[in-house]
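Peer 1: Handing over entry_26.pdb, PDB, C-alpha atoms.
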ATOM      1  CA  MET B1038      -7.047 -19.917 -51.641
ATOM      2  CA  SER B1039      -6.055 -16.319 -52.278
ATOM      3  CA  SER B1040      -2.436 -15.230 -52.370
ATOM      4  CA  MET B1041      -3.157 -12.982 -49.374
ATOM      5  CA  ALA B1042      -4.359 -15.922 -47.297
ATOM      6  CA  LEU B1043      -1.504 -18.186 -48.341
ATOM      7  CA  SER B1044       1.106 -15.551 -47.516
ATOM      8  CA  TYR B1045      -0.530 -14.300 -44.294
ATOM      9  CA  PRO B1046       2.158 -14.004 -41.567
ATOM     10  CA  ARG B1047       1.369 -16.511 -38.824
ATOM     11  CA  SER B1048       1.574 -15.359 -35.210
ATOM     12  CA  GLN B1049       4.435 -16.968 -33.313
ATOM     13  CA  ILE B1050       2.736 -15.916 -30.071
ATOM     14  CA  ARG B1051      -0.174 -18.222 -30.862
ATOM     15  CA  ALA B1052       2.229 -21.001 -31.817
ATOM     16  CA  MET B1053       3.971 -20.716 -28.446
ATOM     17  CA  PHE B1054       0.596 -20.560 -26.681
ATOM     18  CA  ASP B1055      -0.468 -23.822 -28.328
ATOM     19  CA  LEU B1056       2.867 -25.439 -27.512
ATOM     20  CA  THR B1057       2.781 -24.529 -23.825
ATOM     21  CA  ALA B1058      -0.891 -25.507 -23.464
ATOM     22  CA  VAL B1059       0.124 -29.181 -23.380
ATOM     23  CA  ARG B1060       3.003 -28.603 -20.941
ATOM     24  CA  PRO B1061       1.680 -28.198 -17.386
ATOM     25  CA  ASP B1062       5.232 -27.673 -16.095
ATOM     26  CA  VAL B1063       5.713 -24.508 -18.185
ATOM     27  CA  VAL B1064       4.732 -20.980 -17.144
ATOM     28  CA  SER B1065       3.570 -19.386 -20.384
ATOM     29  CA  LEU B1066       4.387 -15.731 -20.983
ATOM     30  CA  ALA B1067       3.279 -15.973 -24.608
ATOM     31  CA  ILE B1068      -0.088 -14.228 -24.604
ATOM     32  CA  GLY B1069      -1.483 -11.154 -22.838
ATOM     33  CA  GLU B1070      -4.037 -12.986 -20.715
ATOM     34  CA  PRO B1071      -4.887 -11.618 -17.242
ATOM     35  CA  SER B1072      -4.985 -14.257 -14.511
ATOM     36  CA  PHE B1073      -7.954 -12.546 -12.857
ATOM     37  CA  HIS B1074     -11.667 -13.117 -13.420
ATOM     38  CA  THR B1075     -13.914 -10.483 -14.941
ATOM     39  CA  PRO B1076     -15.424  -8.500 -12.031
ATOM     40  CA  ALA B1077     -18.701  -9.944 -10.767
ATOM     41  CA  TYR B1078     -20.731  -6.777 -11.383
ATOM     42  CA  VAL B1079     -19.656  -6.827 -15.032
ATOM     43  CA  ARG B1080     -20.675 -10.465 -15.475
ATOM     44  CA  ARG B1081     -23.964  -9.754 -13.725
ATOM     45  CA  ALA B1082     -24.820  -6.961 -16.182
ATOM     46  CA  ALA B1083     -24.468  -9.366 -19.114
ATOM     47  CA  ILE B1084     -26.575 -12.032 -17.409
ATOM     48  CA  GLU B1085     -29.338  -9.539 -16.645
ATOM     49  CA  SER B1086     -29.315  -8.390 -20.263
ATOM     50  CA  VAL B1087     -29.738 -11.948 -21.534
ATOM     51  CA  GLN B1088     -32.534 -12.576 -19.055
ATOM     52  CA  ALA B1089     -34.231  -9.376 -20.219
ATOM     53  CA  GLY B1090     -34.274 -10.739 -23.770
ATOM     54  CA  GLU B1091     -31.725  -8.355 -25.289
ATOM     55  CA  THR B1092     -30.660 -10.922 -27.857
ATOM     56  CA  ARG B1093     -31.536  -9.240 -31.150
ATOM     57  CA  TYR B1094     -29.705  -7.148 -33.728
ATOM     58  CA  ASP B1095     -28.872  -3.597 -32.740
ATOM     59  CA  ALA B1096     -26.985  -0.576 -34.099
ATOM     60  CA  SER B1097     -23.799  -1.431 -35.989
ATOM     61  CA  ALA B1098     -21.811   1.331 -34.269
ATOM     62  CA  GLY B1099     -22.894   0.092 -30.836
ATOM     63  CA  ILE B1100     -25.763   0.751 -28.453
ATOM     64  CA  ALA B1101     -26.216   4.351 -27.366
ATOM     65  CA  GLY B1102     -25.564   3.601 -23.699
ATOM     66  CA  LEU B1103     -22.115   2.158 -24.337
ATOM     67  CA  ARG B1104     -21.089   4.763 -26.901
ATOM     68  CA  ASN B1105     -22.064   7.462 -24.411
ATOM     69  CA  ALA B1106     -20.197   5.706 -21.581
ATOM     70  CA  VAL B1107     -17.033   5.497 -23.688
ATOM     71  CA  ALA B1108     -17.410   9.137 -24.742
ATOM     72  CA  GLU B1109     -17.859  10.325 -21.152
ATOM     73  CA  THR B1110     -14.936   8.216 -19.939
ATOM     74  CA  TYR B1111     -12.549   9.616 -22.520
ATOM     75  CA  SER B1112     -13.792  13.188 -22.276
ATOM     76  CA  ALA B1113     -12.773  13.070 -18.612
ATOM     77  CA  ARG B1114      -9.573  11.134 -19.275
ATOM     78  CA  TRP B1115      -8.328  13.234 -22.189
ATOM     79  CA  GLY B1116      -9.640  16.665 -21.269
ATOM     80  CA  LEU B1117     -11.145  16.870 -24.765
ATOM     81  CA  PRO B1118     -14.782  16.850 -25.871
ATOM     82  CA  VAL B1119     -15.632  13.314 -27.039
ATOM     83  CA  GLU B1120     -19.175  12.617 -28.236
ATOM     84  CA  HIS B1121     -20.971   9.357 -28.930
ATOM     85  CA  ARG B1122     -20.553  10.017 -32.660
ATOM     86  CA  ASN B1123     -16.768   9.750 -32.137
ATOM     87  CA  VAL B1124     -17.151   6.194 -30.815
ATOM     88  CA  MET B1125     -17.292   2.936 -32.782
ATOM     89  CA  ILE B1126     -17.897  -0.235 -30.723
ATOM     90  CA  THR B1127     -15.923  -3.202 -32.045
ATOM     91  CA  GLY B1128     -15.020  -6.819 -31.413
ATOM     92  CA  GLY B1129     -12.001  -5.966 -29.276
ATOM     93  CA  ALA B1130      -9.181  -3.553 -30.041
ATOM     94  CA  MET B1131      -7.959  -5.857 -32.815
ATOM     95  CA  GLN B1132     -11.107  -5.342 -34.861
ATOM     96  CA  ALA B1133     -10.910  -1.614 -34.154
ATOM     97  CA  LEU B1134      -7.394  -1.637 -35.579
ATOM     98  CA  GLN B1135      -8.499  -3.668 -38.601
ATOM     99  CA  LEU B1136     -11.342  -1.256 -39.350
ATOM    100  CA  SER B1137      -8.933   1.667 -39.001
ATOM    101  CA  LEU B1138      -6.575   0.110 -41.528
ATOM    102  CA  LEU B1139      -9.429  -0.698 -43.929
ATOM    103  CA  LEU B1140     -10.508   2.938 -43.881
ATOM    104  CA  MET B1141      -7.180   4.741 -43.940
ATOM    105  CA  VAL B1142      -4.815   2.469 -45.902
ATOM    106  CA  GLU B1143      -4.839   1.845 -49.657
ATOM    107  CA  PRO B1144      -3.591  -1.451 -51.139
ATOM    108  CA  GLY B1145       0.041  -1.025 -52.139
ATOM    109  CA  SER B1146       0.713   1.648 -49.540
ATOM    110  CA  GLU B1147       2.921   1.455 -46.435
ATOM    111  CA  VAL B1148       2.232   1.378 -42.707
ATOM    112  CA  LEU B1149       4.989   2.200 -40.222
ATOM    113  CA  VAL B1150       5.185  -0.095 -37.195
ATOM    114  CA  PRO B1151       7.650  -0.194 -34.288
ATOM    115  CA  ASP B1152      10.073  -3.107 -34.333
ATOM    116  CA  PRO B1153       9.527  -5.211 -32.275
ATOM    117  CA  CYS B1154       5.741  -4.902 -32.208
ATOM    118  CA  PHE B1155       2.600  -6.883 -31.455
ATOM    119  CA  PRO B1156       2.826  -9.506 -34.252
ATOM    120  CA  ASN B1157      -0.837  -9.211 -35.220
ATOM    121  CA  TYR B1158      -0.120  -5.741 -36.628
ATOM    122  CA  LEU B1159       1.870  -7.377 -39.404
ATOM    123  CA  GLY B1160      -0.960  -9.685 -40.400
ATOM    124  CA  GLN B1161      -3.544  -6.934 -40.302
ATOM    125  CA  VAL B1162      -1.466  -4.663 -42.518
ATOM    126  CA  HIS B1163      -0.885  -7.575 -44.903
ATOM    127  CA  ALA B1164      -4.622  -8.315 -45.051
ATOM    128  CA  VAL B1165      -5.428  -4.845 -46.425
ATOM    129  CA  GLY B1166      -2.808  -5.240 -49.155
ATOM    130  CA  ALA B1167      -0.273  -2.871 -47.639
ATOM    131  CA  ARG B1168       3.341  -3.316 -46.563
ATOM    132  CA  ALA B1169       4.452  -3.029 -42.946
ATOM    133  CA  VAL B1170       7.607  -0.917 -42.650
ATOM    134  CA  PRO B1171       9.480  -1.661 -39.402
ATOM    135  CA  VAL B1172      10.959   1.220 -37.420
ATOM    136  CA  PRO B1173      13.590  -0.097 -34.991
ATOM    137  CA  VAL B1174      13.559   0.787 -31.304
ATOM    138  CA  ARG B1175      16.858   0.314 -29.501
ATOM    139  CA  LYS B1176      17.823  -0.782 -26.014
ATOM    140  CA  GLU B1177      20.467   1.933 -25.679
ATOM    141  CA  GLU B1178      17.731   4.540 -26.273
ATOM    142  CA  GLY B1179      15.291   2.986 -23.832
ATOM    143  CA  PHE B1180      13.362   1.355 -26.696
ATOM    144  CA  ARG B1181      11.952   4.773 -27.635
ATOM    145  CA  LEU B1182      10.321   5.294 -31.008
ATOM    146  CA  ARG B1183      12.343   8.217 -32.358
ATOM    147  CA  ALA B1184      10.968  10.816 -34.737
ATOM    148  CA  ALA B1185      14.200  10.794 -36.749
ATOM    149  CA  ASP B1186      13.920   7.039 -37.357
ATOM    150  CA  VAL B1187      10.286   7.416 -38.395
ATOM    151  CA  ALA B1188      11.008  10.375 -40.686
ATOM    152  CA  GLU B1189      13.694   8.379 -42.533
ATOM    153  CA  ARG B1190      11.106   5.775 -43.496
ATOM    154  CA  ILE B1191       8.289   8.061 -44.631
ATOM    155  CA  THR B1192       7.624   7.918 -48.371
ATOM    156  CA  ASP B1193       4.868   9.089 -50.672
ATOM    157  CA  ARG B1194       3.256   5.677 -50.043
ATOM    158  CA  THR B1195       3.035   6.076 -46.249
ATOM    159  CA  SER B1196      -0.613   5.844 -45.161
ATOM    160  CA  ALA B1197      -0.377   5.342 -41.397
ATOM    161  CA  ILE B1198       1.784   4.683 -38.375
ATOM    162  CA  VAL B1199       0.732   2.356 -35.559
ATOM    163  CA  LEU B1200       1.716   3.487 -32.069
ATOM    164  CA  ASN B1201       1.428   1.264 -29.002
ATOM    165  CA  SER B1202       1.975   2.723 -25.548
ATOM    166  CA  PRO B1203       2.321   1.074 -23.107
ATOM    167  CA  SER B1204       4.012  -1.292 -25.510
ATOM    168  CA  ASN B1205       3.368  -4.937 -26.195
ATOM    169  CA  PRO B1206       5.853  -6.651 -26.024
ATOM    170  CA  LEU B1207       8.329  -4.210 -24.463
ATOM    171  CA  GLY B1208       6.334  -2.561 -21.687
ATOM    172  CA  THR B1209       7.757   0.850 -22.576
ATOM    173  CA  VAL B1210       5.704   4.029 -22.214
ATOM    174  CA  MET B1211       6.206   6.691 -24.863
ATOM    175  CA  ASP B1212       7.216  10.174 -23.722
ATOM    176  CA  ASP B1213       4.776  12.956 -24.548
ATOM    177  CA  ASP B1214       7.321  14.653 -26.809
ATOM    178  CA  ASP B1215       7.820  11.473 -28.839
ATOM    179  CA  VAL B1216       4.080  10.961 -29.341
ATOM    180  CA  LEU B1217       3.571  14.593 -30.321
ATOM    181  CA  ALA B1218       6.427  14.292 -32.808
ATOM    182  CA  MET B1219       4.572  11.400 -34.495
ATOM    183  CA  VAL B1220       1.410  13.501 -34.691
ATOM    184  CA  ASP B1221       3.373  16.391 -36.198
ATOM    185  CA  LEU B1222       4.875  14.075 -38.829
ATOM    186  CA  ALA B1223       1.409  12.741 -39.662
ATOM    187  CA  ARG B1224       0.081  16.260 -40.139
ATOM    188  CA  LEU B1225       3.068  17.279 -42.243
ATOM    189  CA  HIS B1226       2.947  14.255 -44.547
ATOM    190  CA  GLY B1227      -0.794  13.591 -44.536
ATOM    191  CA  PHE B1228      -0.990  10.155 -42.951
ATOM    192  CA  THR B1229      -2.901   8.782 -39.939
ATOM    193  CA  VAL B1230      -1.711   7.937 -36.436
ATOM    194  CA  ILE B1231      -3.447   4.766 -35.233
ATOM    195  CA  SER B1232      -2.772   4.660 -31.505
ATOM    196  CA  ASP B1233      -3.267   1.287 -29.803
ATOM    197  CA  GLU B1234      -3.813   2.222 -26.153
ATOM    198  CA  VAL B1235      -5.202  -1.071 -24.856
ATOM    199  CA  TYR B1236      -2.752  -1.130 -21.924
ATOM    200  CA  GLU B1237      -3.441   2.507 -20.993
ATOM    201  CA  GLN B1238      -4.624   1.586 -17.476
ATOM    202  CA  ILE B1239      -1.724  -0.739 -16.636
ATOM    203  CA  LEU B1240       1.147   1.493 -15.568
ATOM    204  CA  PHE B1241       3.729   1.098 -12.810
ATOM    205  CA  ASP B1242       5.843   3.278 -10.508
ATOM    206  CA  GLY B1243       3.554   6.273 -10.787
ATOM    207  CA  ARG B1244       3.865   6.499 -14.570
ATOM    208  CA  ARG B1245       1.006   8.174 -16.396
ATOM    209  CA  HIS B1246      -0.500   7.632 -19.809
ATOM    210  CA  VAL B1247      -1.206  10.576 -22.086
ATOM    211  CA  SER B1248      -3.179   9.708 -25.198
ATOM    212  CA  ALA B1249      -2.105  10.666 -28.685
ATOM    213  CA  ALA B1250      -5.507  12.351 -28.969
ATOM    214  CA  THR B1251      -4.803  14.567 -25.961
ATOM    215  CA  LEU B1252      -1.434  15.622 -27.337
ATOM    216  CA  ALA B1253      -2.859  16.210 -30.813
ATOM    217  CA  GLY B1254      -5.734  18.237 -29.401
ATOM    218  CA  ASP B1255      -8.145  16.740 -31.930
ATOM    219  CA  LEU B1256      -8.919  13.591 -33.922
ATOM    220  CA  ASP B1257      -8.157  14.985 -37.384
ATOM    221  CA  HIS B1258      -5.122  12.726 -37.937
ATOM    222  CA  VAL B1259      -5.558  10.342 -34.993
ATOM    223  CA  ILE B1260      -7.590   7.194 -34.373
ATOM    224  CA  VAL B1261      -7.380   5.712 -30.875
ATOM    225  CA  VAL B1262      -8.208   2.048 -30.316
ATOM    226  CA  SER B1263      -8.658   0.397 -26.943
ATOM    227  CA  SER B1264     -10.716  -2.207 -25.102
ATOM    228  CA  LEU B1265     -11.638  -3.713 -21.739
ATOM    229  CA  SER B1266      -9.637  -6.891 -22.355
ATOM    230  CA  LYS B1267      -6.633  -6.026 -20.216
ATOM    231  CA  SER B1268      -7.995  -3.445 -17.780
ATOM    232  CA  HIS B1269     -11.007  -5.497 -16.664
ATOM    233  CA  ALA B1270      -9.800  -9.033 -17.473
ATOM    234  CA  MET B1271     -12.273  -9.364 -20.356
ATOM    235  CA  THR B1272     -10.155 -10.855 -23.146
ATOM    236  CA  GLY B1273     -12.784 -13.423 -24.125
ATOM    237  CA  TRP B1274     -15.615 -10.912 -24.269
ATOM    238  CA  ARG B1275     -14.126  -9.281 -27.395
ATOM    239  CA  LEU B1276     -15.294  -5.782 -26.578
ATOM    240  CA  GLY B1277     -13.387  -2.726 -27.726
ATOM    241  CA  TRP B1278     -13.750   0.553 -29.567
ATOM    242  CA  ALA B1279     -12.244   3.043 -31.939
ATOM    243  CA  ILE B1280     -12.434   6.762 -31.199
ATOM    244  CA  ALA B1281     -12.162   8.892 -34.318
ATOM    245  CA  ALA B1282     -13.627  11.809 -36.234
ATOM    246  CA  PRO B1283     -17.387  11.338 -36.865
ATOM    247  CA  PRO B1284     -17.048  10.775 -40.650
ATOM    248  CA  VAL B1285     -14.565   7.959 -39.959
ATOM    249  CA  VAL B1286     -16.877   6.354 -37.405
ATOM    250  CA  ALA B1287     -19.812   6.563 -39.818
ATOM    251  CA  VAL B1288     -17.944   4.579 -42.481
ATOM    252  CA  MET B1289     -16.675   2.090 -39.889
ATOM    253  CA  ALA B1290     -20.311   1.420 -38.986
ATOM    254  CA  GLU B1291     -21.153   0.771 -42.635
ATOM    255  CA  ILE B1292     -18.335  -1.775 -42.914
ATOM    256  CA  GLN B1293     -19.378  -3.345 -39.618
ATOM    257  CA  GLU B1294     -22.904  -3.767 -40.974
ATOM    258  CA  GLY B1295     -21.536  -5.929 -43.786
ATOM    259  CA  THR B1296     -19.223  -8.023 -41.619
ATOM    260  CA  LEU B1297     -20.072  -8.468 -37.936
ATOM    261  CA  ALA B1298     -23.386  -6.542 -37.975
ATOM    262  CA  ASN B1299     -23.042  -5.548 -34.311
ATOM    263  CA  LEU B1300     -21.591  -6.651 -30.992
ATOM    264  CA  PRO B1301     -24.034  -8.714 -28.877
ATOM    265  CA  VAL B1302     -26.051  -6.362 -26.685
ATOM    266  CA  PRO B1303     -25.425  -8.306 -23.434
ATOM    267  CA  ILE B1304     -21.676  -7.877 -23.955
ATOM    268  CA  GLN B1305     -22.182  -4.169 -24.514
ATOM    269  CA  ARG B1306     -24.217  -3.948 -21.303
ATOM    270  CA  ALA B1307     -21.265  -5.521 -19.522
ATOM    271  CA  GLY B1308     -19.087  -2.819 -21.045
ATOM    272  CA  ILE B1309     -21.289  -0.084 -19.605
ATOM    273  CA  ALA B1310     -21.010  -1.694 -16.172
ATOM    274  CA  ALA B1311     -17.222  -1.950 -16.492
ATOM    275  CA  LEU B1312     -16.816   1.724 -17.383
ATOM    276  CA  THR B1313     -19.339   3.172 -14.936
ATOM    277  CA  GLY B1314     -18.991   0.772 -12.007
ATOM    278  CA  PRO B1315     -16.431   0.675  -9.176
ATOM    279  CA  GLN B1316     -12.799   0.555 -10.301
ATOM    280  CA  ASP B1317     -11.330  -0.920  -7.094
ATOM    281  CA  GLU B1318     -10.641  -4.319  -8.670
ATOM    282  CA  LEU B1319      -8.818  -2.678 -11.564
ATOM    283  CA  ARG B1320      -6.421  -0.982  -9.160
ATOM    284  CA  GLU B1321      -5.916  -4.246  -7.268
ATOM    285  CA  MET B1322      -5.029  -5.996 -10.532
ATOM    286  CA  VAL B1323      -2.472  -3.333 -11.443
ATOM    287  CA  ASP B1324      -0.901  -3.565  -7.978
ATOM    288  CA  ALA B1325      -0.614  -7.334  -8.419
ATOM    289  CA  TYR B1326       0.947  -6.945 -11.874
ATOM    290  CA  GLN B1327       3.544  -4.567 -10.458
ATOM    291  CA  ARG B1328       4.470  -7.013  -7.690
ATOM    292  CA  ARG B1329       4.815  -9.781 -10.260
ATOM    293  CA  ARG B1330       6.896  -7.582 -12.529
ATOM    294  CA  ASP B1331       9.254  -6.821  -9.654
ATOM    295  CA  LEU B1332       9.608 -10.517  -8.831
ATOM    296  CA  VAL B1333      10.197 -11.629 -12.423
ATOM    297  CA  VAL B1334      12.699  -8.857 -13.181
ATOM    298  CA  ALA B1335      14.659  -9.527  -9.984
ATOM    299  CA  THR B1336      14.682 -13.275 -10.653
ATOM    300  CA  LEU B1337      15.878 -12.864 -14.232
ATOM    301  CA  ARG B1338      18.597 -10.432 -13.198
ATOM    302  CA  ASP B1339      19.884 -13.014 -10.725
ATOM    303  CA  ILE B1340      20.623 -15.426 -13.583
ATOM    304  CA  PRO B1341      24.254 -15.120 -14.740
ATOM    305  CA  GLY B1342      24.471 -13.751 -18.269
ATOM    306  CA  VAL B1343      20.862 -12.548 -18.354
ATOM    307  CA  THR B1344      19.920  -8.868 -18.498
ATOM    308  CA  CYS B1345      16.387  -7.569 -18.180
ATOM    309  CA  GLU B1346      14.919  -4.105 -18.604
ATOM    310  CA  GLN B1347      12.185  -3.050 -16.177
ATOM    311  CA  PRO B1348       8.835  -2.510 -17.958
ATOM    312  CA  ALA B1349       6.971   0.687 -17.126
ATOM    313  CA  GLY B1350       3.589  -0.707 -18.111
ATOM    314  CA  ALA B1351       1.595  -3.582 -19.656
ATOM    315  CA  PHE B1352       2.221  -7.113 -18.400
TER
END
Would you mind writing the file out in structure tokens?
Peer 2:
Amino acid sequence: MSSMALSYPRSQIRAMFDLTAVRPDVVSLAIGEPSFHTPAYVRRAAIESVQAGETRYDASAGIAGLRNAVAETYSARWGLPVEHRNVMITGGAMQALQLSLLLMVEPGSEVLVPDPCFPNYLGQVHAVGARAVPVPVRKEEGFRLRAADVAERITDRTSAIVLNSPSNPLGTVMDDDDVLAMVDLARLHGFTVISDEVYEQILFDGRRHVSAATLAGDLDHVIVVSSLSKSHAMTGWRLGWAIAAPPVVAVMAEIQEGTLANLPVPIQRAGIAALTGPQDELREMVDAYQRRRDLVVATLRDIPGVTCEQPAGAF
């Protein structure tokens, strides 16, 4: 086996997931898996697509209907013009992140990541032959990713920074000023902001999410990745996207052609239904997550010697 494969950093989240799977008396908090079912109208769209015979190859960048639905959703959400040519449909946000790294990161270069971070970032950076450079976030600063800490770690080998807000695993939501500072650093030093916004819909206490793309005002130094996994309880569907400048999306599609080819059309039809259908169940899920957060935080704080910060988003 290759040295990359043999040295690939294994995910401790998956190890804990496997360990707790055989312990029915354990409540696992190891993996970001919603407890809800995918909404019925979303499932129905996939079934109807299969029954209609949509089981063949299709466009590597995604079917036009879904790319347009994503573009329209984010044009409204961001207040920026987003076109279908800005949208690359992927196998979940993780593949969107991997494609982003393949395009923007040279072997031997460096990628800045918050510490702690979603562990899969480390493996993905490793797989493209780069080095993950951790940038600490501190409790006494509200676990904020500070521009000064990032600037200290920028070198002539820095290719990208990965942002994640709301954060997995911390549940923190980045302030607009902090995100804009990262964009400014990227412009100054010529690297890319890869913004993982998969938890963008799961916010508590009236908090709001503002995308790195909105704050940047364009996609020149920003790639946004997201999915329906968390918002619509669709983790197993593996449906996500990258939103980027059209030349970036065009090359992503070429790489997709040589790897996955394309996402199954019935899954993409489900994605259209999720984005364009009623969002009532989404809001009900978020309300339930907030109630659970309140219960867990209060319970932990009642344990002598245990302190617990209150997450502003994610779950």
Peer 1: For the structure shown, which residues end up in the PyMOL selection byres ((chain B and resi 1167) around 7)? Put them as a PyMOL selection string, please?
Peer 2: chain B and resi 1143-1148+1162-1163+1165-1166+1168-1169
Peer 1: Running the PyMOL selection byres ((chain B and resi 1203-1205) around 12) on this model by hand, what would come out? Give it as JSON, numbers by chain.
Peer 2: {"B": [1050, 1067, 1068, 1069, 1150, 1151, 1152, 1153, 1154, 1155, 1156, 1157, 1158, 1174, 1180, 1181, 1182, 1199, 1200, 1201, 1202, 1206, 1207, 1208, 1209, 1210, 1211, 1212, 1216, 1232, 1233, 1234, 1235, 1236, 1237, 1238, 1239, 1240, 1241, 1244, 1245, 1246, 1247, 1248, 1249, 1263, 1267, 1348, 1349, 1350, 1351, 1352]}
Peer 1: For Val1107 in chain B, which residue out of B:Ala1164, B:Met1131, B:Val1323, B:Leu1312 is the nearest one, using only C-alpha atoms?
Peer 2: B:Leu1312
Peer 1: For the structure shown, which residues end up in the PyMOL selection byres ((chain B and resi 1085-1092) around 8)? Put them as an mmCIF file with C-alpha atoms, keeping the file's coordinate frame, please?
Peer 2:
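Saved the output as expr.cif:
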data_model
loop_
_atom_site.group_PDB
_atom_site.id
_atom_site.type_symbol
_atom_site.label_atom_id
_atom_site.label_comp_id
_atom_site.auth_asym_id
_atom_site.auth_seq_id
_atom_site.Cartn_x
_atom_site.Cartn_y
_atom_site.Cartn_z
ATOM 1 C CA ARG B 1081 -23.964 -9.754 -13.725
ATOM 2 C CA ALA B 1082 -24.820 -6.961 -16.182
ATOM 3 C CA ALA B 1083 -24.468 -9.366 -19.114
ATOM 4 C CA ILE B 1084 -26.575 -12.032 -17.409
ATOM 5 C CA ARG B 1093 -31.536 -9.240 -31.150
ATOM 6 C CA TYR B 1094 -29.705 -7.148 -33.728
ATOM 7 C CA PRO B 1301 -24.034 -8.714 -28.877
ATOM 8 C CA VAL B 1302 -26.051 -6.362 -26.685
ATOM 9 C CA PRO B 1303 -25.425 -8.306 -23.434
ATOM 10 C CA ARG B 1306 -24.217 -3.948 -21.303
#
Peer 1: So how many Å separate CA of Asp1214 in chain B and CA of Val1230 in chain B, to one decimal?
Peer 2: 14.8 Å
Peer 1: Residues near range 1113-1117 of chain B, anyone? I mean within 9 Å using only C-alpha atoms, not counting same-chain ones fewer than 6 positions away, as an MDAnalysis selection string.
Peer 2: chainID B and resid 1247:1248 1250:1252 1254:1255
Peer 1: Nearest residue to Glu1318 in chain B out of B:Ser1264, B:Thr1075, B:Ser1137, B:Gln1132, using all atoms listed in the file?
Peer 2: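 The shortest atom-to-atom distance to Glu1318 in chain B comes from B:Thr1075.
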Peer 1: Could you check the closest approach to Ala1108 in chain B for each of B:Thr1336, B:Thr1344, B:Thr1313, B:Ser1040 and tell me which residue wins, using only C-alpha atoms?
Peer 2: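 Smallest distance to Ala1108 in chain B is found for B:Thr1313.
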Peer 1: Compare B:His1074, B:His1226, B:Arg1320, B:Arg1060 by their minimum atom-to-atom distance to Ser1266 in chain B, counting all atoms listed in the file, and give me the closest one.
Peer 2: B:His1074
Peer 1: Can you work out which one of B:Gly1277, B:Pro1341, B:Pro1283, B:Gly1099 has the shortest atom-to-atom distance to Ala1130 in chain B, counting all atoms listed in the file?
Peer 2: B:Gly1277
Peer 1: Starting from the structure just given, write a file holding range 1161-1186 of chain B with C-alpha atoms, as a PDB file, in the first residue's frame.
Peer 2:
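part-v1.pdb, written as the output of this step:
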ATOM      1  CA  GLN B1161      -8.645  14.910   3.511  1.00  0.00           C
ATOM      2  CA  VAL B1162      -5.735  17.335   3.691  1.00  0.00           C
ATOM      3  CA  HIS B1163      -3.355  14.397   4.142  1.00  0.00           C
ATOM      4  CA  ALA B1164      -4.824  12.626   1.102  1.00  0.00           C
ATOM      5  CA  VAL B1165      -3.897  15.500  -1.233  1.00  0.00           C
ATOM      6  CA  GLY B1166      -0.313  15.474   0.043  1.00  0.00           C
ATOM      7  CA  ALA B1167      -0.580  18.648   2.090  1.00  0.00           C
ATOM      8  CA  ARG B1168      -0.013  19.390   5.770  1.00  0.00           C
ATOM      9  CA  ALA B1169      -2.806  20.485   8.094  1.00  0.00           C
ATOM     10  CA  VAL B1170      -1.709  23.416  10.262  1.00  0.00           C
ATOM     11  CA  PRO B1171      -3.851  23.694  13.415  1.00  0.00           C
ATOM     12  CA  VAL B1172      -4.988  27.124  14.582  1.00  0.00           C
ATOM     13  CA  PRO B1173      -6.071  26.953  18.237  1.00  0.00           C
ATOM     14  CA  VAL B1174      -9.411  28.305  19.419  1.00  0.00           C
ATOM     15  CA  ARG B1175      -9.635  29.035  23.131  1.00  0.00           C
ATOM     16  CA  LYS B1176     -12.385  28.758  25.710  1.00  0.00           C
ATOM     17  CA  GLU B1177     -11.535  32.124  27.266  1.00  0.00           C
ATOM     18  CA  GLU B1178     -12.145  33.749  23.857  1.00  0.00           C
ATOM     19  CA  GLY B1179     -15.408  31.934  23.231  1.00  0.00           C
ATOM     20  CA  PHE B1180     -13.656  29.440  20.929  1.00  0.00           C
ATOM     21  CA  ARG B1181     -13.380  32.158  18.267  1.00  0.00           C
ATOM     22  CA  LEU B1182     -11.022  31.718  15.341  1.00  0.00           C
ATOM     23  CA  ARG B1183      -8.913  34.870  15.618  1.00  0.00           C
ATOM     24  CA  ALA B1184      -7.327  36.616  12.662  1.00  0.00           C
ATOM     25  CA  ALA B1185      -4.128  37.217  14.636  1.00  0.00           C
ATOM     26  CA  ASP B1186      -3.730  33.487  15.328  1.00  0.00           C
TER      27      ASP B1186
END
